[in-house]
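Here's the structure, in structure tokens; my notes come after.
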Amino acid sequence: MAKVTGRDPVHMVYGPKHRRQQRPNVGWDFLLYVARNTAAAFDTLHSHGHVLGDVNQGNVMVGGDSQVVLIDSDSYQIRAKDTVHLCEVGVSHFTPPELQGISSFKGVTRTSNHDNFGLALLIFHVLFGGRHPYSGVPLRKGVGDALETDIKEFRYAYARDAQNRGIGPPPGSISLSMVPDAMEAMFHQAFTERGTNSGRPTASQWVQALDAQRQHLKKCASSRTHVFPGHLSACPWCALEQKGIVYFIDLGSTVTHAGNGFMLTQVWARITAVTPPPALAVPDPRSYSPQGRSVTGAAAQKGSTLGADLTIAFCVVMFFIFPKAWLLWGGVTWFAFANRKPKESPERIRERSGRKYSVEQAERTYNDLVGKLRQEAGPEGFLAKRSALEKLKVEYEQLSQAEARELEQLKSTAQDRQKQKFLDGFFIDSADIPGVGAGRKSALKSFGIETAADVTRGAVMQVKGFGPNLTRAVMDWRASCERRFTFNPNTAVTEADRNAVRAKYTARRKAIEGVLAAGPAELAGFTQKTTARANQLRAQAENAARELAQARADLAVL
């Protein structure tokens with residue numbers, strides 16, 4: 001068997017920090033190729049009747065050409081004529097739900113559908129920055145304590161029904177809207193009950209889907225590494241960077257801003273020249289006067305205050321007979337008067353409750369439609385878009401000063417930057433931390449904790465399952481790494497440091513120029529579309545207003 005050289009385990013490709021250090025100039029398109037080639041390798045294995053079995057991040061090796069080699073074939077499940085040589089090992093956080101919890105794989109026959117779970121998980125890792133699909137933010141008690149349990153219970157954190165599963169995506173993660181609906185459905189099939197019951201997407205199906213996606217990609221004007229699916233209208237990597245989350249860098253970016261004909265004053269004049277749409281007449285429920293729906297049967301009985309009235313009358317009579325007990329009669333009279341309410345039948349109470357709920361639902365629908373009408377067809381939406389452009393204009397005007405300040409600050413932040421770079425060389429997945437095995441490491445990485453530089457007490461504590469003891473263990477590991485650091489004043493500020501700052505501001509400048517240049521057309525298009533959109537939404541809002549007026553009239557009957 002040929003020795004595998006010049007390739008790295010797949011986790012060094014999908015882990016953002018590993019990739020930025022070893023392959024800084026690749027973009028999401030490279031990862032798409034890696035995912036596609038991983039699926040193709042699985043497809044070849046399955047087509048011969050074999051099963052990988054022990055799917056994990058260590059037996060997929062990736063080269064700089066995105067080609068994939070599968071290793072550790074001695075543990076595969078091999079079919080040789082009528083004999084099946086079983087795979088009797090496995091990694092828990094790559095094991096499908098139906099096999100979670102078994103004490104040993106000895107005697108267990110694996111299937112291609114089991115492999116397809118691990119394949120989908122690898123593809124998810126590759127496309128979504130190394131995040132584990134079952135590691136997220138718990139939404140109820142008992143969720144997130146152990147990754148293996150969450151897998152067994154199908155707690156897919158990125159599912160369209162994730163809230164019902166009691167878990168949500170971790171902060172800073174890539175939204176599943178990154179991929180088209182058809183591919184999102186494939187992940188949903190792979191990671192929910194449907195995959196166990198009806199079969200998960202096959203390796204061949206993944207190859208077809210990923211090949212199709214490769215034909216529909218866009219490149220961001222800000223960075224050559226910002227490649228994203230064609231169905232998205234804006235660059236998701238730029239949006240994440242605005243939140244301080246960096247998945248891709250471009251060391252080849254131009255660090256000097258060449259003139260490109262962009263004139264801010266001219267562009268802004270064109271933006272402000274676009275006329276906003278006229279104010280909208282919003283349908284008002286008070287303009288309708290429907291007849292309230294009558295009440296029949298037991299619900300129509302309003303109840304009686306006879307008991308309270310008799311009590312009050314009795315106390316008045318007794319006051320004249322026994323005036324010295326005036327305090328007693330006064331107290332009873334006050335209590336009876338305070339509670340002088342008709343005692344309603346259960347049917348009437350249920351009817352009122354139902355009508356109140358109808359009013360609440362109608363109000364919610366009406367308010368949602370009015371808000372949508374104003375934002376999508378009225379001046380409010382137009383002005384919100386223009387306000388966003390104005391913020392970009394202000395930022396653009398201040399970029400040169402901000403760049404100069406950051407270049408000046410390089411000296412004062414040199415030691416912290418050196419330490420950060422040093423700590424970024426210590427990766428969680430290769431660390432020996434007491435009590436933190438592969439599953440817990442996967443959970444940490446799903447929350448963006450890849451290296452010692454990412455470790456803070458607050459960051460670790462937000463990962464479910466990391467209490468004071470485990471958090472202390474991780475913090476101690478970081479401290480042990482930090483003790484090895486020595487500041488080198490001779491390399492305090494390098495030209496590479498300066499170029500990184502310049503590249504950052506050049507990219508941001510280009511991005512803002514692109515948005516502002518497209519601003520006049522975007523605002524004009526918004527105004528042009530408002531008439532048709534207003535007619536459509538106004539009709540819906542009028543229906544909602546009538547239904548709300550009817551619901552209020554129905555409740556008023558009671």
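Quick note on naming: the chains in the structure tokens go A, B, ... in the order shown, residues restart at 1 in each chain, and ligands are numbered from 1 in order of appearance.
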### Query
Running DSSP on the backbone, which parts of segment 139-321 of chain A land in helix (DSSP H, G or I), as a PyMOL selection string?
chain A and resi 147-152+162-165+176-178+181-191+193-198+203-214+236-241+264-273+285-287+297-300+306-321
Each residue of segment 114-153 of chain A with at least one atom at most 7 Å from segment 180-203 of chain A should appear once, together with its nearest atom pair and the corresponding distance in Å (one decimal); atoms considered: only C-alpha atoms; ordering: chain, then increasing residue number; output as CSV.
```
residue,atom,partner,partner_atom,distance
A:Asn116,CA,A:Thr202,CA,6.0
A:Phe117,CA,A:Ala190,CA,6.0
A:Ala120,CA,A:Ala190,CA,6.5
```
Restricted to all heavy atoms, what would the selected residues look like written as a PDB file, in the first residue's frame?
```pdb
ATOM      1  N   ASN A 116     -23.343   6.716   5.971  1.00  0.00           N
ATOM      2  CA  ASN A 116     -23.898   7.956   5.414  1.00  0.00           C
ATOM      3  C   ASN A 116     -24.129   9.004   6.495  1.00  0.00           C
ATOM      4  O   ASN A 116     -24.135  10.203   6.205  1.00  0.00           O
ATOM      5  CB  ASN A 116     -25.201   7.670   4.667  1.00  0.00           C
ATOM      6  CG  ASN A 116     -24.965   6.863   3.404  1.00  0.00           C
ATOM      7  OD1 ASN A 116     -23.863   6.869   2.859  1.00  0.00           O
ATOM      8  ND2 ASN A 116     -25.983   6.165   2.930  1.00  0.00           N
ATOM      9  N   PHE A 117     -24.330   8.552   7.737  1.00  0.00           N
ATOM     10  CA  PHE A 117     -24.420   9.506   8.843  1.00  0.00           C
ATOM     11  C   PHE A 117     -23.070  10.189   9.043  1.00  0.00           C
ATOM     12  O   PHE A 117     -22.977  11.420   9.114  1.00  0.00           O
ATOM     13  CB  PHE A 117     -24.849   8.808  10.134  1.00  0.00           C
ATOM     14  CG  PHE A 117     -24.848   9.705  11.340  1.00  0.00           C
ATOM     15  CD1 PHE A 117     -25.927  10.520  11.611  1.00  0.00           C
ATOM     16  CD2 PHE A 117     -23.754   9.744  12.205  1.00  0.00           C
ATOM     17  CE1 PHE A 117     -25.930  11.373  12.722  1.00  0.00           C
ATOM     18  CE2 PHE A 117     -23.739  10.580  13.313  1.00  0.00           C
ATOM     19  CZ  PHE A 117     -24.828  11.394  13.569  1.00  0.00           C
ATOM     20  N   ALA A 120     -22.309  12.583   6.151  1.00  0.00           N
ATOM     21  CA  ALA A 120     -23.039  13.855   6.257  1.00  0.00           C
ATOM     22  C   ALA A 120     -22.416  14.738   7.333  1.00  0.00           C
ATOM     23  O   ALA A 120     -22.324  15.961   7.176  1.00  0.00           O
ATOM     24  CB  ALA A 120     -24.507  13.590   6.568  1.00  0.00           C
TER      25      ALA A 120
END
```
### For Thr451 of chain A: contacts at 8 Å, only C-alpha atoms, fewer than 4 positions along chain excluded, given as a PyMOL selection string
chain A and resi 17+423-428+455
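Remark: for Gln398 of chain A, the closest of the candidate residues A:Arg417, A:Arg508, A:Arg457, A:Arg352 is A:Arg508 (distances computed over only C-alpha atoms).
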With a cut-off of 9 Å, could you pull out the residues of segment 369-476 of chain A touching segment 531-537 of chain A and give me the nearest pair of atoms for each, distance in Å to one decimal, using only C-alpha atoms, ordered by chain and ascending number, as a tab-separated table?
```
residue	atom	partner	partner_atom	distance
A:Leu369	CA	A:Leu537	CA	7.1
A:Val370	CA	A:Leu537	CA	8.3
A:Lys372	CA	A:Leu537	CA	7.8
A:Leu373	CA	A:Leu537	CA	5.8
A:Arg374	CA	A:Ala534	CA	8.7
A:Glu376	CA	A:Arg533	CA	7.3
A:Ala377	CA	A:Ala534	CA	5.1
A:Gly378	CA	A:Ala534	CA	7.6
```
Let me see the file: selected residues, all heavy atoms, as an mmCIF file, in the first residue's frame.
```cif
data_model
loop_
_atom_site.group_PDB
_atom_site.id
_atom_site.type_symbol
_atom_site.label_atom_id
_atom_site.label_comp_id
_atom_site.auth_asym_id
_atom_site.auth_seq_id
_atom_site.Cartn_x
_atom_site.Cartn_y
_atom_site.Cartn_z
ATOM 1 N N LEU A 369 -48.869 42.289 9.487
ATOM 2 C CA LEU A 369 -49.102 42.721 8.113
ATOM 3 C C LEU A 369 -48.904 44.228 7.955
ATOM 4 O O LEU A 369 -48.358 44.690 6.946
ATOM 5 C CB LEU A 369 -50.513 42.324 7.673
ATOM 6 C CG LEU A 369 -50.679 40.858 7.278
ATOM 7 C CD1 LEU A 369 -52.146 40.499 7.121
ATOM 8 C CD2 LEU A 369 -49.929 40.573 5.972
ATOM 9 N N VAL A 370 -49.320 44.996 8.950
ATOM 10 C CA VAL A 370 -49.110 46.443 8.893
ATOM 11 C C VAL A 370 -47.612 46.758 8.907
ATOM 12 O O VAL A 370 -47.128 47.616 8.148
ATOM 13 C CB VAL A 370 -49.828 47.156 10.061
ATOM 14 C CG1 VAL A 370 -49.376 48.603 10.172
ATOM 15 C CG2 VAL A 370 -51.339 47.094 9.857
ATOM 16 N N LYS A 372 -45.204 44.790 7.881
ATOM 17 C CA LYS A 372 -44.658 44.387 6.586
ATOM 18 C C LYS A 372 -45.039 45.388 5.500
ATOM 19 O O LYS A 372 -44.228 45.721 4.627
ATOM 20 C CB LYS A 372 -45.179 42.986 6.233
ATOM 21 C CG LYS A 372 -44.555 42.408 4.968
ATOM 22 C CD LYS A 372 -45.094 41.023 4.657
ATOM 23 C CE LYS A 372 -44.593 40.001 5.635
ATOM 24 N NZ LYS A 372 -44.973 38.622 5.211
ATOM 25 N N LEU A 373 -46.271 45.891 5.543
ATOM 26 C CA LEU A 373 -46.734 46.874 4.561
ATOM 27 C C LEU A 373 -45.864 48.134 4.615
ATOM 28 O O LEU A 373 -45.440 48.661 3.579
ATOM 29 C CB LEU A 373 -48.204 47.224 4.839
ATOM 30 C CG LEU A 373 -48.857 48.274 3.939
ATOM 31 C CD1 LEU A 373 -48.923 47.782 2.503
ATOM 32 C CD2 LEU A 373 -50.270 48.605 4.443
ATOM 33 N N ARG A 374 -45.577 48.602 5.823
ATOM 34 C CA ARG A 374 -44.778 49.817 5.973
ATOM 35 C C ARG A 374 -43.320 49.598 5.554
ATOM 36 O O ARG A 374 -42.713 50.459 4.930
ATOM 37 C CB ARG A 374 -44.843 50.298 7.418
ATOM 38 C CG ARG A 374 -46.190 50.934 7.766
ATOM 39 C CD ARG A 374 -46.289 51.255 9.236
ATOM 40 N NE ARG A 374 -47.470 52.071 9.518
ATOM 41 C CZ ARG A 374 -48.046 52.144 10.706
ATOM 42 N NH1 ARG A 374 -47.569 51.439 11.719
ATOM 43 N NH2 ARG A 374 -49.119 52.902 10.891
ATOM 44 N N GLU A 376 -42.081 47.159 3.498
ATOM 45 C CA GLU A 376 -41.858 46.673 2.135
ATOM 46 C C GLU A 376 -42.501 47.556 1.068
ATOM 47 O O GLU A 376 -42.150 47.436 -0.112
ATOM 48 C CB GLU A 376 -42.382 45.240 1.994
ATOM 49 C CG GLU A 376 -41.650 44.245 2.876
ATOM 50 C CD GLU A 376 -42.140 42.822 2.674
ATOM 51 O OE1 GLU A 376 -42.801 42.557 1.639
ATOM 52 O OE2 GLU A 376 -41.862 41.968 3.547
ATOM 53 N N ALA A 377 -43.421 48.430 1.451
ATOM 54 C CA ALA A 377 -44.108 49.232 0.430
ATOM 55 C C ALA A 377 -44.281 50.691 0.809
ATOM 56 O O ALA A 377 -44.808 51.470 0.022
ATOM 57 C CB ALA A 377 -45.481 48.617 0.144
ATOM 58 N N GLY A 378 -43.839 51.058 1.984
ATOM 59 C CA GLY A 378 -44.035 52.443 2.414
ATOM 60 C C GLY A 378 -42.725 53.188 2.576
ATOM 61 O O GLY A 378 -41.638 52.633 2.391
#
```
### Query
atom CA of Gly435 of chain A and atom CA of Asn469 of chain A, how far apart in Å?
9.1 Å
#### Entry: Among listed residues A:Asp284, A:Ser442, A:Gly172, A:Ala500, nearest Asn367 of chain A (using only C-alpha atoms)
A:Asp284
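Counting from atom CA of Glu347 of chain A, the distance to atom CA of Thr296 of chain A is 10.1 Å.
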### Message
Report, in Å with one decimal, the straight-line distance from atom CA of Gly439 of chain A to atom CA of Pro171 of chain A.
### Response
18.8 Å
Contacts of Val515 of chain A at 10 Å (only C-alpha atoms; same-chain gap of 5+ positions) as a PDB file with N, CA and C atoms, in the first residue's frame:
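Saved the output as around_34.pdb:
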```
ATOM      1  N   ALA A 234     -26.027  38.537  -0.743  1.00  0.00           N
ATOM      2  CA  ALA A 234     -24.899  39.280  -0.176  1.00  0.00           C
ATOM      3  C   ALA A 234     -23.877  38.306   0.383  1.00  0.00           C
ATOM      4  N   LEU A 389     -27.461  53.054   4.343  1.00  0.00           N
ATOM      5  CA  LEU A 389     -26.455  53.570   3.415  1.00  0.00           C
ATOM      6  C   LEU A 389     -25.728  54.775   4.012  1.00  0.00           C
ATOM      7  N   LEU A 392     -23.045  53.673   6.314  1.00  0.00           N
ATOM      8  CA  LEU A 392     -21.870  53.236   5.558  1.00  0.00           C
ATOM      9  C   LEU A 392     -21.076  54.429   5.041  1.00  0.00           C
ATOM     10  N   LYS A 393     -21.782  55.468   4.631  1.00  0.00           N
ATOM     11  CA  LYS A 393     -21.106  56.686   4.147  1.00  0.00           C
ATOM     12  C   LYS A 393     -20.241  57.283   5.259  1.00  0.00           C
ATOM     13  N   LYS A 510     -13.448  48.722  -0.268  1.00  0.00           N
ATOM     14  CA  LYS A 510     -14.016  48.195  -1.511  1.00  0.00           C
ATOM     15  C   LYS A 510     -15.449  47.699  -1.294  1.00  0.00           C
ATOM     16  N   PRO A 520     -28.213  53.827  -5.349  1.00  0.00           N
ATOM     17  CA  PRO A 520     -29.261  54.520  -6.107  1.00  0.00           C
ATOM     18  C   PRO A 520     -30.204  53.558  -6.831  1.00  0.00           C
ATOM     19  N   GLU A 522     -30.773  50.436  -6.071  1.00  0.00           N
ATOM     20  CA  GLU A 522     -31.539  49.670  -5.084  1.00  0.00           C
ATOM     21  C   GLU A 522     -32.719  50.482  -4.562  1.00  0.00           C
TER      22      GLU A 522
END
```
Per residue of segment 318-425 of chain A within 12 Å of segment 481-493 of chain A, which atom pair is closest and at what distance in Å (one decimal), using only C-alpha atoms, listed by chain and increasing number, as CSV?
```
residue,atom,partner,partner_atom,distance
A:Leu407,CA,A:Val493,CA,9.6
A:Glu408,CA,A:Val493,CA,10.2
A:Gln409,CA,A:Val493,CA,10.0
A:Leu410,CA,A:Val493,CA,6.4
A:Lys411,CA,A:Val493,CA,6.3
A:Ser412,CA,A:Ala492,CA,9.2
A:Thr413,CA,A:Ala492,CA,8.7
A:Ala414,CA,A:Ala492,CA,5.2
A:Gln415,CA,A:Phe487,CA,6.2
A:Asp416,CA,A:Phe487,CA,9.1
A:Arg417,CA,A:Ala492,CA,8.8
A:Gln418,CA,A:Phe487,CA,7.0
A:Lys419,CA,A:Phe485,CA,6.6
A:Gln420,CA,A:Glu482,CA,9.4
A:Lys421,CA,A:Phe485,CA,10.2
A:Phe422,CA,A:Phe485,CA,7.0
A:Leu423,CA,A:Cys481,CA,6.8
A:Asp424,CA,A:Cys481,CA,10.0
A:Gly425,CA,A:Cys481,CA,9.5
```
Just-selected residues, N, CA, C and O atoms written as a PDB file, in the first residue's frame:
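Okay, out.pdb is ready:
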```pdb
ATOM      1  N   LEU A 407      -2.691  51.418  12.703  1.00  0.00           N
ATOM      2  CA  LEU A 407      -1.269  51.258  12.397  1.00  0.00           C
ATOM      3  C   LEU A 407      -0.403  51.796  13.539  1.00  0.00           C
ATOM      4  O   LEU A 407       0.620  51.199  13.901  1.00  0.00           O
ATOM      5  N   GLU A 408      -0.821  52.909  14.120  1.00  0.00           N
ATOM      6  CA  GLU A 408      -0.078  53.486  15.237  1.00  0.00           C
ATOM      7  C   GLU A 408      -0.158  52.599  16.475  1.00  0.00           C
ATOM      8  O   GLU A 408       0.797  52.497  17.260  1.00  0.00           O
ATOM      9  N   GLN A 409      -1.295  51.927  16.647  1.00  0.00           N
ATOM     10  CA  GLN A 409      -1.501  51.090  17.831  1.00  0.00           C
ATOM     11  C   GLN A 409      -0.752  49.763  17.759  1.00  0.00           C
ATOM     12  O   GLN A 409      -0.689  49.036  18.752  1.00  0.00           O
ATOM     13  N   LEU A 410      -0.191  49.435  16.598  1.00  0.00           N
ATOM     14  CA  LEU A 410       0.532  48.173  16.465  1.00  0.00           C
ATOM     15  C   LEU A 410       1.651  48.051  17.493  1.00  0.00           C
ATOM     16  O   LEU A 410       1.925  46.968  18.017  1.00  0.00           O
ATOM     17  N   LYS A 411       2.312  49.180  17.829  1.00  0.00           N
ATOM     18  CA  LYS A 411       3.409  49.147  18.783  1.00  0.00           C
ATOM     19  C   LYS A 411       2.909  48.785  20.184  1.00  0.00           C
ATOM     20  O   LYS A 411       3.491  47.954  20.877  1.00  0.00           O
ATOM     21  N   SER A 412       1.812  49.422  20.586  1.00  0.00           N
ATOM     22  CA  SER A 412       1.317  49.189  21.945  1.00  0.00           C
ATOM     23  C   SER A 412       0.669  47.820  22.115  1.00  0.00           C
ATOM     24  O   SER A 412       0.563  47.317  23.235  1.00  0.00           O
ATOM     25  N   THR A 413       0.237  47.211  21.028  1.00  0.00           N
ATOM     26  CA  THR A 413      -0.425  45.897  21.117  1.00  0.00           C
ATOM     27  C   THR A 413       0.490  44.760  20.680  1.00  0.00           C
ATOM     28  O   THR A 413       0.041  43.629  20.538  1.00  0.00           O
ATOM     29  N   ALA A 414       1.769  45.060  20.473  1.00  0.00           N
ATOM     30  CA  ALA A 414       2.693  44.055  19.931  1.00  0.00           C
ATOM     31  C   ALA A 414       2.781  42.809  20.804  1.00  0.00           C
ATOM     32  O   ALA A 414       2.712  41.679  20.309  1.00  0.00           O
ATOM     33  N   GLN A 415       2.924  42.987  22.116  1.00  0.00           N
ATOM     34  CA  GLN A 415       3.089  41.825  22.994  1.00  0.00           C
ATOM     35  C   GLN A 415       1.832  40.971  23.012  1.00  0.00           C
ATOM     36  O   GLN A 415       1.912  39.738  22.951  1.00  0.00           O
ATOM     37  N   ASP A 416       0.671  41.610  23.070  1.00  0.00           N
ATOM     38  CA  ASP A 416      -0.590  40.851  23.068  1.00  0.00           C
ATOM     39  C   ASP A 416      -0.762  40.099  21.752  1.00  0.00           C
ATOM     40  O   ASP A 416      -1.224  38.950  21.746  1.00  0.00           O
ATOM     41  N   ARG A 417      -0.385  40.727  20.636  1.00  0.00           N
ATOM     42  CA  ARG A 417      -0.528  40.053  19.340  1.00  0.00           C
ATOM     43  C   ARG A 417       0.436  38.886  19.202  1.00  0.00           C
ATOM     44  O   ARG A 417       0.080  37.836  18.679  1.00  0.00           O
ATOM     45  N   GLN A 418       1.641  39.074  19.694  1.00  0.00           N
ATOM     46  CA  GLN A 418       2.599  37.964  19.667  1.00  0.00           C
ATOM     47  C   GLN A 418       2.103  36.793  20.505  1.00  0.00           C
ATOM     48  O   GLN A 418       2.218  35.633  20.121  1.00  0.00           O
ATOM     49  N   LYS A 419       1.581  37.125  21.689  1.00  0.00           N
ATOM     50  CA  LYS A 419       1.067  36.060  22.564  1.00  0.00           C
ATOM     51  C   LYS A 419      -0.123  35.358  21.921  1.00  0.00           C
ATOM     52  O   LYS A 419      -0.241  34.128  21.979  1.00  0.00           O
ATOM     53  N   GLN A 420      -1.029  36.132  21.295  1.00  0.00           N
ATOM     54  CA  GLN A 420      -2.190  35.549  20.634  1.00  0.00           C
ATOM     55  C   GLN A 420      -1.747  34.589  19.528  1.00  0.00           C
ATOM     56  O   GLN A 420      -2.266  33.478  19.409  1.00  0.00           O
ATOM     57  N   LYS A 421      -0.783  35.026  18.724  1.00  0.00           N
ATOM     58  CA  LYS A 421      -0.283  34.175  17.643  1.00  0.00           C
ATOM     59  C   LYS A 421       0.378  32.919  18.207  1.00  0.00           C
ATOM     60  O   LYS A 421       0.215  31.816  17.672  1.00  0.00           O
ATOM     61  N   PHE A 422       1.115  33.074  19.303  1.00  0.00           N
ATOM     62  CA  PHE A 422       1.770  31.939  19.948  1.00  0.00           C
ATOM     63  C   PHE A 422       0.737  30.931  20.453  1.00  0.00           C
ATOM     64  O   PHE A 422       0.847  29.728  20.210  1.00  0.00           O
ATOM     65  N   LEU A 423      -0.289  31.431  21.142  1.00  0.00           N
ATOM     66  CA  LEU A 423      -1.322  30.545  21.691  1.00  0.00           C
ATOM     67  C   LEU A 423      -2.151  29.893  20.594  1.00  0.00           C
ATOM     68  O   LEU A 423      -2.692  28.805  20.785  1.00  0.00           O
ATOM     69  N   ASP A 424      -2.265  30.559  19.444  1.00  0.00           N
ATOM     70  CA  ASP A 424      -2.992  29.965  18.323  1.00  0.00           C
ATOM     71  C   ASP A 424      -2.293  28.734  17.768  1.00  0.00           C
ATOM     72  O   ASP A 424      -2.856  28.017  16.941  1.00  0.00           O
ATOM     73  N   GLY A 425      -1.076  28.488  18.193  1.00  0.00           N
ATOM     74  CA  GLY A 425      -0.361  27.292  17.749  1.00  0.00           C
ATOM     75  C   GLY A 425      -0.670  26.064  18.584  1.00  0.00           C
ATOM     76  O   GLY A 425      -0.220  24.958  18.262  1.00  0.00           O
TER      77      GLY A 425
END
```
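Distances here use only C-alpha atoms; by that measure, the residue among A:Pro323, A:Gly371, A:Gly292, A:Gly64 closest to Gln22 of chain A is A:Gly64.
Counting only C-alpha atoms, the residue from A:His48, A:Arg286, A:Lys152, A:Arg440 that sits nearest to Pro97 of chain A is A:Lys152.
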